[in-house]
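The structure appears right after this line, and notes come after that.
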Amino acid sequence: MSRRDLVVVGNGMVGHKFLELLLEDERREEWNVVTFCEEPRLAYDRVNLSSFFSGKTAADLSLAEPGLYEEAGVTVLLGDRAVSIDRQARRVASAKGARVRYDKLVLATGSAPLVPPIPGRESQGCFVYRTIEDLESIRSYAAQARTGVVIGGGLLGLEAANALNHMGLETHVVEFAPRLMAMQVDEDGGRILRGKIEVLGVSVHTGKNTSEIVAEGGRVTEIRFADGGALAADMVVFSAGIRARDELARECGLAIGERGGVTIDDRCRTSDPDILAIGECAQYRGRTYGLVGPGYQMARTAVSTVTGGDAKLGTFDMSTKLKLMGVDVASFGDAHATRPGCRVVAFTDSADGIYKKLVVSADRQRLLGGVLVGDASSYGQLLQLTQNQIPLRGRPEQLILPQSAGANPPALGVDALPEAATICTCQNVAKSVICRAICDEKLSSVGAIKAATRAGTGCGSCTPLLGEILGREMKKAGKAVSNHLCEHFPRSRQELYHLVRLHRIRGFDELIAKHGRGSGCEICKPAVASILASTWNEHVLDGDRVGLQDTNDRFLANIQRGGSYSVVPRVPGGEITPDQLIALGRTAKHFGLYSKITGAQRVDLFGARLEQLPEIWRELIAAGFESGHAYGKALRTVKSCVGSTWCRFGVQDSVSMAIKLENRYKGLRSPHKLKSAVSGCARECAEAQGKDFGVIATEKGYNLYLCGNGGMKPQHAQLFAPDLDEETLIRYLDRFLMFYVRTADRLQRTASWFNNLEGGIEYLRKVLIEDSLGVCAELEAEMAHIVATYRCEWKATIEDPAKLSRFRTFVNSAAPDPSLVQIRQRAQHRPATWQEKAPLLREAVG
């Protein structure tokens, strides 16, 4: 049988999903497939488009696996736009002159930003927020702007505002409706949302009709309102909604909805049965749909239609769960209580910025919908109660009241959900599919569930439910995950930390005798050594603590390839004097060390033999250096740019702040290493948002960012608090660092620790700013003890003969290790490889 021609116009998220599902279908071989991709790159994740400003690249956002289309024989017309459809000849023509025949045609042209017809909208400095190219243009222009205005207070508008705010612009959101996110939240929810966003430094203007954009010299300078008001603006971002891209369909005579969009039936067929439409360009049952979930359902139905199936569209789940500028917002079901006879139950906590509303049936036995602002932790379970119409147990208000306010809250666990319940509506994955995958494939993490079932890979709102299902299935199988430190301590690191502090335990032997068993291992000994150091701040090589340390801490240096060690003196804030540079060079030459400037703004000296370490440090300490703790799970460095002292863009003295922070927290032992940075302005030259704690200067003070990470799994830090004065900044950091030291697991960086915190950044704010646990005074006192008892570990070591006696390769000889061989390279030394070393060692022995 000859193959037929299938053409897909559009390679956005929905167009890609259609192709992805088609390629999995057993009847895929019946089709020659061609797809038009108007943009210069294949489909990418528009749902998480704003993460582009957080450091993700176009490659990170890409949805198409490398080689997917090529291996499947799909022809991709990249960077080519379809411009016309000849229905009689069954051909699609493109802007570059291609003419492609079709037997079936799928329109997945998506939508375009709606730019209101405001005079001045074409001025330089006006942007839309839709593609990666748009975001690149916004970022480039923002570098020379001070004030940004976003027109539109919906989902994308608030994401755009968040981006401008993070780039250091004075940010305003202008919304025509009387509240933000009018489609998702009601008046009370909008009031809470507005308050939380304004606290983050974004000004909100609702009920405003923009009448003109004023430009001088062609560049935006101001926007004006119909009521006579005005706002100064250097740039304007339009995010006032979307319109279906239905121009191809209009021009070829297909039926179009009254308010736009290609009219389709429940099989995704247009008025021409050989042409289908899916996603934001399609109108179904009188409306278009701007969410990815309905688009994916259309893609599944369209694949069924072209392959001879009988799947039909039903009602769409329009539920959404978002985190806008760190604020949870969710709506589901009949969120605006439009169903006749329904009842509303609501809870408002204006102090904490929380609003929860449930819409229930007249008999209060069924949940019909709801709105959550400020705390959406129960969204997944409430959505399942709504979708599966599970009878409510007890009073509905118990579902949203704080636990202390409602006795015996009804169970919301995943056990109550039927096996057929759709957990992931984006990918149409049922609970039974997830449970079966966990059992059959022995999955043990949420990430593994996502890879095996695709659940949670769309909007991501079902991820917490995946974790609950995983926990329940593992418990059923008798495989509950233990948080015990190791076989010798049936307790978590957090529990051991509290036992050490509560009972004033100062040694490993005492701790294991009272709260453990056996003699310990390579896991618990370094972990307990870290706890003891974090608590009492005593020297890690004192007494019996030597035997607890790992290789690096035992000799206060990082062991390198070949068996030599590196020496890294502290250079606070990256500021170093000429005399110190000369001292470093003199020491490197004296001991024949390889020198390298590190990414942390200090100098690393490599190739030191064990017995040389004390003498190297005698010279460095005499020159004014201290231990840089590069060998320990401790604070490493606080990077800085030159700040307002030298840079014409700087707004605060970032170097002085970095030096102050590094000198305050130097020597602090923690569950894992700590890195920090201070940037003098929003240009972020010190990369503070990729650090465990980062500080960015503003004209009003400092923005504090927490729990970022570089390395193998980069993670953007979270804005914890804006525009802090110096005293408040340091107080919050004292609390944060000691809270992390108290509660993190062994070898857990702040980023993964934060990812496991229920409540995320809002929880941290409650604990560290509002003192919800009543521990802030203790945390500050603990940090004050660390600061007051600091001493340079290497200075203490070279002053103690007992400690110095350990720095030798052989117990019975002071001779150096003969296996350490160096090779000359680029005017310095490097360790020899085994192939280079062998003949030299044989010659030495011979």
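Simple scheme: letters A, B, ... for chains in structure tokens order, numbers from 1 for residues in each chain, numbers from 1 for ligands in the order shown.
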
task: Could you please write out, as a VMD selection string, every residue of range 570-812 of chain A that DSSP assigns to helix (DSSP H, G or I)?
output: chain A and resid 572 to 574 578 to 591 610 to 622 643 to 646 654 to 665 688 to 690 726 to 743 750 to 755 760 to 768 776 to 788 793 to 798 801 to 804

For the residues in the current selection, export C-alpha atoms as a short mmCIF file (atom, residue, chain, number, x, y, z; two decimals), in the first residue's frame.
```cif
data_model
loop_
_atom_site.label_atom_id
_atom_site.label_comp_id
_atom_site.auth_asym_id
_atom_site.auth_seq_id
_atom_site.Cartn_x
_atom_site.Cartn_y
_atom_site.Cartn_z
CA PRO A 572 37.95 37.47 51.30
CA GLY A 573 35.75 38.97 48.62
CA GLY A 574 38.47 38.33 46.02
CA PRO A 578 50.13 43.41 45.66
CA ASP A 579 52.24 42.27 48.63
CA GLN A 580 50.00 39.24 49.10
CA LEU A 581 50.27 38.39 45.41
CA ILE A 582 54.05 38.63 45.68
CA ALA A 583 53.97 36.40 48.77
CA LEU A 584 51.94 33.78 46.94
CA GLY A 585 54.38 33.86 44.03
CA ARG A 586 57.37 33.62 46.34
CA THR A 587 55.89 30.60 48.16
CA ALA A 588 54.94 28.89 44.89
CA LYS A 589 58.48 29.32 43.57
CA HIS A 590 60.06 28.23 46.85
CA PHE A 591 58.16 24.93 46.94
CA LEU A 610 52.43 16.13 52.71
CA GLU A 611 55.50 17.08 54.77
CA GLN A 612 55.68 20.47 52.97
CA LEU A 613 52.21 21.61 54.03
CA PRO A 614 53.15 23.06 57.46
CA GLU A 615 56.12 25.02 56.06
CA ILE A 616 54.05 26.36 53.16
CA TRP A 617 51.44 27.57 55.61
CA ARG A 618 54.04 29.17 57.90
CA GLU A 619 55.02 31.43 55.00
CA LEU A 620 51.44 32.18 53.99
CA ILE A 621 50.27 32.96 57.52
CA ALA A 622 53.27 35.26 57.98
CA GLY A 643 30.75 47.39 43.05
CA SER A 644 30.11 51.09 43.42
CA THR A 645 33.73 51.78 44.42
CA TRP A 646 34.97 51.40 40.85
CA SER A 654 29.81 44.94 47.04
CA VAL A 655 33.47 44.25 47.91
CA SER A 656 33.11 45.55 51.46
CA MET A 657 29.92 43.53 51.92
CA ALA A 658 31.55 40.36 50.56
CA ILE A 659 34.55 40.77 52.85
CA LYS A 660 32.27 41.33 55.84
CA LEU A 661 30.23 38.20 55.08
CA GLU A 662 33.24 36.01 54.37
CA ASN A 663 35.02 37.09 57.55
CA ARG A 664 31.85 36.50 59.55
CA TYR A 665 31.11 32.99 58.28
CA ALA A 688 25.10 35.59 43.18
CA GLN A 689 21.93 33.83 42.03
CA GLY A 690 23.86 30.60 41.47
CA GLU A 726 22.95 45.58 56.21
CA GLU A 727 21.93 44.67 59.76
CA THR A 728 18.78 42.82 58.67
CA LEU A 729 20.65 41.05 55.88
CA ILE A 730 23.22 39.64 58.29
CA ARG A 731 20.56 38.68 60.83
CA TYR A 732 18.60 36.72 58.19
CA LEU A 733 21.79 35.03 56.98
CA ASP A 734 22.74 34.00 60.52
CA ARG A 735 19.36 32.37 60.92
CA PHE A 736 19.39 30.73 57.48
CA LEU A 737 22.83 29.19 57.81
CA MET A 738 22.25 27.76 61.27
CA PHE A 739 18.81 26.46 60.30
CA TYR A 740 20.40 24.69 57.32
CA VAL A 741 23.16 23.29 59.58
CA ARG A 742 20.50 22.03 61.99
CA THR A 743 18.12 20.40 59.54
CA THR A 750 21.26 23.93 50.22
CA ALA A 751 19.55 23.55 46.81
CA SER A 752 18.46 19.94 47.34
CA TRP A 753 17.67 20.71 51.00
CA PHE A 754 15.39 23.52 49.84
CA ASN A 755 13.74 21.30 47.22
CA GLY A 760 9.44 26.07 49.90
CA ILE A 761 10.49 29.71 50.14
CA GLU A 762 7.29 30.74 51.94
CA TYR A 763 8.06 28.21 54.68
CA LEU A 764 11.59 29.61 55.02
CA ARG A 765 10.22 33.13 55.28
CA LYS A 766 7.83 32.09 58.02
CA VAL A 767 10.60 30.33 59.99
CA LEU A 768 13.39 32.87 59.50
CA CYS A 776 15.35 32.54 65.67
CA ALA A 777 16.93 33.69 68.92
CA GLU A 778 18.61 30.28 69.29
CA LEU A 779 19.88 30.36 65.72
CA GLU A 780 21.36 33.82 66.21
CA ALA A 781 23.02 32.75 69.47
CA GLU A 782 24.51 29.67 67.81
CA MET A 783 25.98 31.75 65.01
CA ALA A 784 27.32 34.29 67.50
CA HIS A 785 29.18 31.42 69.21
CA ILE A 786 30.67 30.30 65.88
CA VAL A 787 31.85 33.82 65.07
CA ALA A 788 33.27 34.44 68.54
CA GLU A 793 42.81 25.95 61.58
CA TRP A 794 46.24 26.13 59.95
CA LYS A 795 47.57 28.75 62.38
CA ALA A 796 46.46 26.56 65.30
CA THR A 797 48.06 23.55 63.65
CA ILE A 798 51.53 25.00 63.07
CA PRO A 801 53.73 20.10 67.83
CA ALA A 802 51.31 17.20 68.36
CA LYS A 803 49.33 18.16 65.28
CA LEU A 804 52.47 18.80 63.22
#
```

message: Could you list, as a PyMOL selection string, every residue within 9 Å of range 460-470 of chain A, counting only C-alpha atoms and ignoring same-chain residues fewer than 3 positions away?
response: chain A and resi 320-322+377+379-381+413-415+423-426+431+434-435+438+443-446+449-450+455-457+473-475

Take the residues just selected and output them with N, CA, C and O atoms as a tab-separated table (two decimals), in the first residue's frame.
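Saved file selection13.tsv follows:
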```tsv
chain	number	residue	atom	x	y	z
A	320	THR	N	-5.44	24.98	36.96
A	320	THR	CA	-4.07	25.47	36.87
A	320	THR	C	-3.47	25.60	38.25
A	320	THR	O	-4.14	25.97	39.21
A	321	LYS	N	-2.18	25.29	38.34
A	321	LYS	CA	-1.41	25.53	39.57
A	321	LYS	C	-0.10	26.17	39.14
A	321	LYS	O	0.64	25.62	38.34
A	322	LEU	N	0.15	27.34	39.67
A	322	LEU	CA	1.29	28.13	39.24
A	322	LEU	C	2.03	28.67	40.45
A	322	LEU	O	1.48	28.75	41.55
A	377	SER	N	-0.53	23.82	48.59
A	377	SER	CA	0.04	22.49	48.85
A	377	SER	C	-0.99	21.37	48.72
A	377	SER	O	-0.64	20.23	48.44
A	379	TYR	N	-3.43	21.33	46.49
A	379	TYR	CA	-4.07	21.43	45.18
A	379	TYR	C	-4.29	20.05	44.54
A	379	TYR	O	-5.39	19.76	44.05
A	380	GLY	N	-3.26	19.23	44.51
A	380	GLY	CA	-3.37	17.94	43.83
A	380	GLY	C	-4.48	17.08	44.39
A	380	GLY	O	-5.26	16.47	43.64
A	381	GLN	N	-4.59	17.05	45.70
A	381	GLN	CA	-5.61	16.21	46.31
A	381	GLN	C	-7.01	16.81	46.12
A	381	GLN	O	-7.97	16.08	45.86
A	413	GLY	N	-5.54	11.41	51.30
A	413	GLY	CA	-4.47	10.56	50.76
A	413	GLY	C	-4.80	9.97	49.41
A	413	GLY	O	-5.95	9.90	48.99
A	414	VAL	N	-3.74	9.50	48.74
A	414	VAL	CA	-3.91	8.93	47.41
A	414	VAL	C	-4.68	7.62	47.46
A	414	VAL	O	-5.22	7.17	46.45
A	415	ASP	N	-4.75	6.97	48.63
A	415	ASP	CA	-5.50	5.72	48.73
A	415	ASP	C	-6.98	5.93	48.42
A	415	ASP	O	-7.67	5.00	47.98
A	423	ILE	N	-4.07	11.17	37.15
A	423	ILE	CA	-3.17	11.92	38.00
A	423	ILE	C	-2.53	13.06	37.21
A	423	ILE	O	-2.45	14.19	37.68
A	424	CYS	N	-2.08	12.77	36.00
A	424	CYS	CA	-1.46	13.78	35.14
A	424	CYS	C	-2.38	14.04	33.96
A	424	CYS	O	-2.48	13.21	33.04
A	425	THR	N	-3.07	15.16	33.98
A	425	THR	CA	-4.00	15.46	32.88
A	425	THR	C	-3.25	15.90	31.63
A	425	THR	O	-3.75	15.70	30.51
A	426	CYS	N	-2.07	16.48	31.77
A	426	CYS	CA	-1.32	16.90	30.58
A	426	CYS	C	-0.95	15.70	29.72
A	426	CYS	O	-1.07	15.74	28.49
A	431	LYS	N	-3.68	6.77	37.68
A	431	LYS	CA	-3.04	6.26	38.89
A	431	LYS	C	-2.59	4.83	38.70
A	431	LYS	O	-1.48	4.44	39.12
A	434	ILE	N	0.74	4.51	36.92
A	434	ILE	CA	1.87	4.89	37.77
A	434	ILE	C	2.19	3.79	38.77
A	434	ILE	O	3.36	3.41	38.96
A	435	CYS	N	1.15	3.27	39.42
A	435	CYS	CA	1.37	2.20	40.41
A	435	CYS	C	2.00	0.98	39.77
A	435	CYS	O	2.91	0.35	40.33
A	438	ILE	N	5.68	1.57	39.05
A	438	ILE	CA	6.50	1.52	40.27
A	438	ILE	C	6.80	0.08	40.64
A	438	ILE	O	7.94	-0.27	40.98
A	443	LEU	N	10.65	1.22	40.46
A	443	LEU	CA	11.02	2.62	40.51
A	443	LEU	C	11.13	3.08	41.96
A	443	LEU	O	10.34	2.67	42.81
A	444	SER	N	12.08	3.95	42.23
A	444	SER	CA	12.28	4.38	43.61
A	444	SER	C	12.41	5.90	43.76
A	444	SER	O	12.80	6.38	44.81
A	445	SER	N	12.09	6.65	42.71
A	445	SER	CA	12.15	8.11	42.80
A	445	SER	C	11.11	8.72	41.89
A	445	SER	O	10.66	8.09	40.92
A	446	VAL	N	10.75	9.96	42.20
A	446	VAL	CA	9.78	10.67	41.35
A	446	VAL	C	10.35	10.89	39.97
A	446	VAL	O	9.65	10.79	38.96
A	449	ILE	N	9.77	7.89	37.92
A	449	ILE	CA	8.36	7.80	37.50
A	449	ILE	C	8.11	8.69	36.30
A	449	ILE	O	7.45	8.30	35.33
A	450	LYS	N	8.66	9.89	36.33
A	450	LYS	CA	8.48	10.81	35.20
A	450	LYS	C	9.07	10.22	33.93
A	450	LYS	O	8.47	10.30	32.85
A	455	ALA	N	4.33	11.15	33.33
A	455	ALA	CA	3.54	11.92	34.30
A	455	ALA	C	4.43	12.98	34.93
A	455	ALA	O	5.59	12.73	35.26
A	456	GLY	N	3.88	14.19	35.08
A	456	GLY	CA	4.63	15.27	35.70
A	456	GLY	C	5.56	16.02	34.77
A	456	GLY	O	6.26	16.93	35.19
A	457	THR	N	5.58	15.66	33.47
A	457	THR	CA	6.49	16.33	32.53
A	457	THR	C	5.81	17.43	31.74
A	457	THR	O	6.42	18.02	30.84
A	473	GLU	N	3.21	3.12	47.59
A	473	GLU	CA	3.55	1.86	46.93
A	473	GLU	C	4.78	1.22	47.57
A	473	GLU	O	4.84	0.00	47.74
A	474	MET	N	5.75	2.02	47.94
A	474	MET	CA	6.95	1.48	48.59
A	474	MET	C	6.61	0.94	49.97
A	474	MET	O	7.14	-0.08	50.41
A	475	LYS	N	5.69	1.63	50.66
A	475	LYS	CA	5.27	1.14	51.98
A	475	LYS	C	4.55	-0.18	51.86
A	475	LYS	O	4.77	-1.11	52.65
```

query: Smallest atom-to-atom distance to Ile192 in chain A: which of A:Ile85, A:Met298, A:Leu135, A:Val329, using only C-alpha atoms?
result: A:Val329

message: Could you check the closest approach to Arg121 in chain A for each of A:Ala686, A:Val76, A:Val9, A:Val237 and tell me which residue wins, using only C-alpha atoms?
response: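 Once distances to Arg121 in chain A are computed over only C-alpha atoms, the minimum belongs to A:Val237.
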
message: Let me make sure I understand: among A:Gln297, A:Asn11, A:Ser566, A:Thr206, which one has the smallest atom-to-atom distance to Ser595 in chain A if we use only C-alpha atoms?
response: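 Checking each candidate against Ser595 in chain A, we get A:Ser566 as the closest.
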
- request: Rank A:Lys356, A:Phe807, A:Ala108, A:Glu187 by their smallest atom-to-atom distance to Leu399 in chain A, using only C-alpha atoms, and report the top residue only.
  value: A:Lys356

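Using only C-alpha atoms, the nearest neighbour of Ile275 in chain A within the list A:Arg91, A:Ala233, A:Ile523, A:Ala112 is A:Arg91.
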
task: Find the residues near Leu541 in chain A: any atom within 12 Å, counting only C-alpha atoms, skip ones fewer than 2 places away on the same chain, and give them as a PyMOL selection string.
output: chain A and resi 529-530+532-533+537-539+543-550+552-556+793-794+796-798+800+802-807

- request: Would you mind reading off the distance between CA of Arg245 in chain A and CA of Asp80 in chain A, one decimal, in Å?
  value: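 Rounded to one decimal, the two atoms are 15.9 Å apart.
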
message: Neighbouring residues of Ala277 in chain A were defined as those with any atom within 6 Å, considering only C-alpha atoms; residues of the same chain fewer than 4 positions away were excluded. Please report them as JSON, numbers by chain.
response: {"A": [106, 107, 268, 282]}

query: In Å, how far is it from CA of Phe225 in chain A to CA of Gly207 in chain A?
result: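 Atom-to-atom, CA of Phe225 in chain A to CA of Gly207 in chain A, that is 10.2 Å.
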
Distance query Arg4 in chain A at most 10 Å, only C-alpha atoms, self and fewer than 6 positions along chain excluded, as a PyMOL selection string: chain A and resi 29-33+101-104

query: Which polymer residues have any atom within 9 Å of an atom of Gln822 in chain A, counting only C-alpha atoms, with same-chain residues fewer than 4 positions away left out, as a list of chain:residue names?
result: A:Gly607, A:His829, A:Arg830, A:Pro831, A:Ala832, A:Thr833, A:Lys837

message: Give me, as a PyMOL selection string, all polymer residues having an atom no more than 7 Å from His488 in chain A, counting only C-alpha atoms and skipping those fewer than 4 positions away in the same chain.
response: chain A and resi 516-518+520

field: Of the listed residues A:Thr221, A:Ser350, A:Thr422, A:Thr789, that which approaches Trp536 in chain A most closely, counting only C-alpha atoms
entry: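 For Trp536 in chain A, the nearest of the candidates is A:Thr789.
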
Point-to-point distance in Å for CA of Gly701 in chain A and CA of Asp723 in chain A: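 Computing the Euclidean distance for CA of Asp723 in chain A and CA of Gly701 in chain A yields 4.6 Å.
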
Enumerate, in order of chain and increasing residue number, the residues of range 171-214 of chain A with an atom no farther than 8 Å from range 151-154 of chain A, each with its shortest atom pair and distance in Å to one decimal, counting only C-alpha atoms, as CSV.
```
residue,atom,partner,partner_atom,distance
A:Val173,CA,A:Ile151,CA,6.1
A:Val174,CA,A:Ile151,CA,4.9
A:Glu175,CA,A:Gly152,CA,4.9
A:Phe176,CA,A:Gly152,CA,7.3
A:Arg179,CA,A:Gly153,CA,7.9
A:Leu180,CA,A:Gly153,CA,5.0
A:Met181,CA,A:Gly154,CA,4.4
A:Ala182,CA,A:Gly154,CA,7.2
A:Met183,CA,A:Gly154,CA,7.9
```

field: Expected answer as a list in words: strand (DSSP E) residues in range 701-749 of chain A
entry: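 The residues of range 701-749 of chain A classed as strand (DSSP E) are Tyr702, Asn703, Leu704, Tyr705, Leu706, Gln718, Leu719, Phe720, Ala721, Pro722, Asp723 and Leu724 of chain A.
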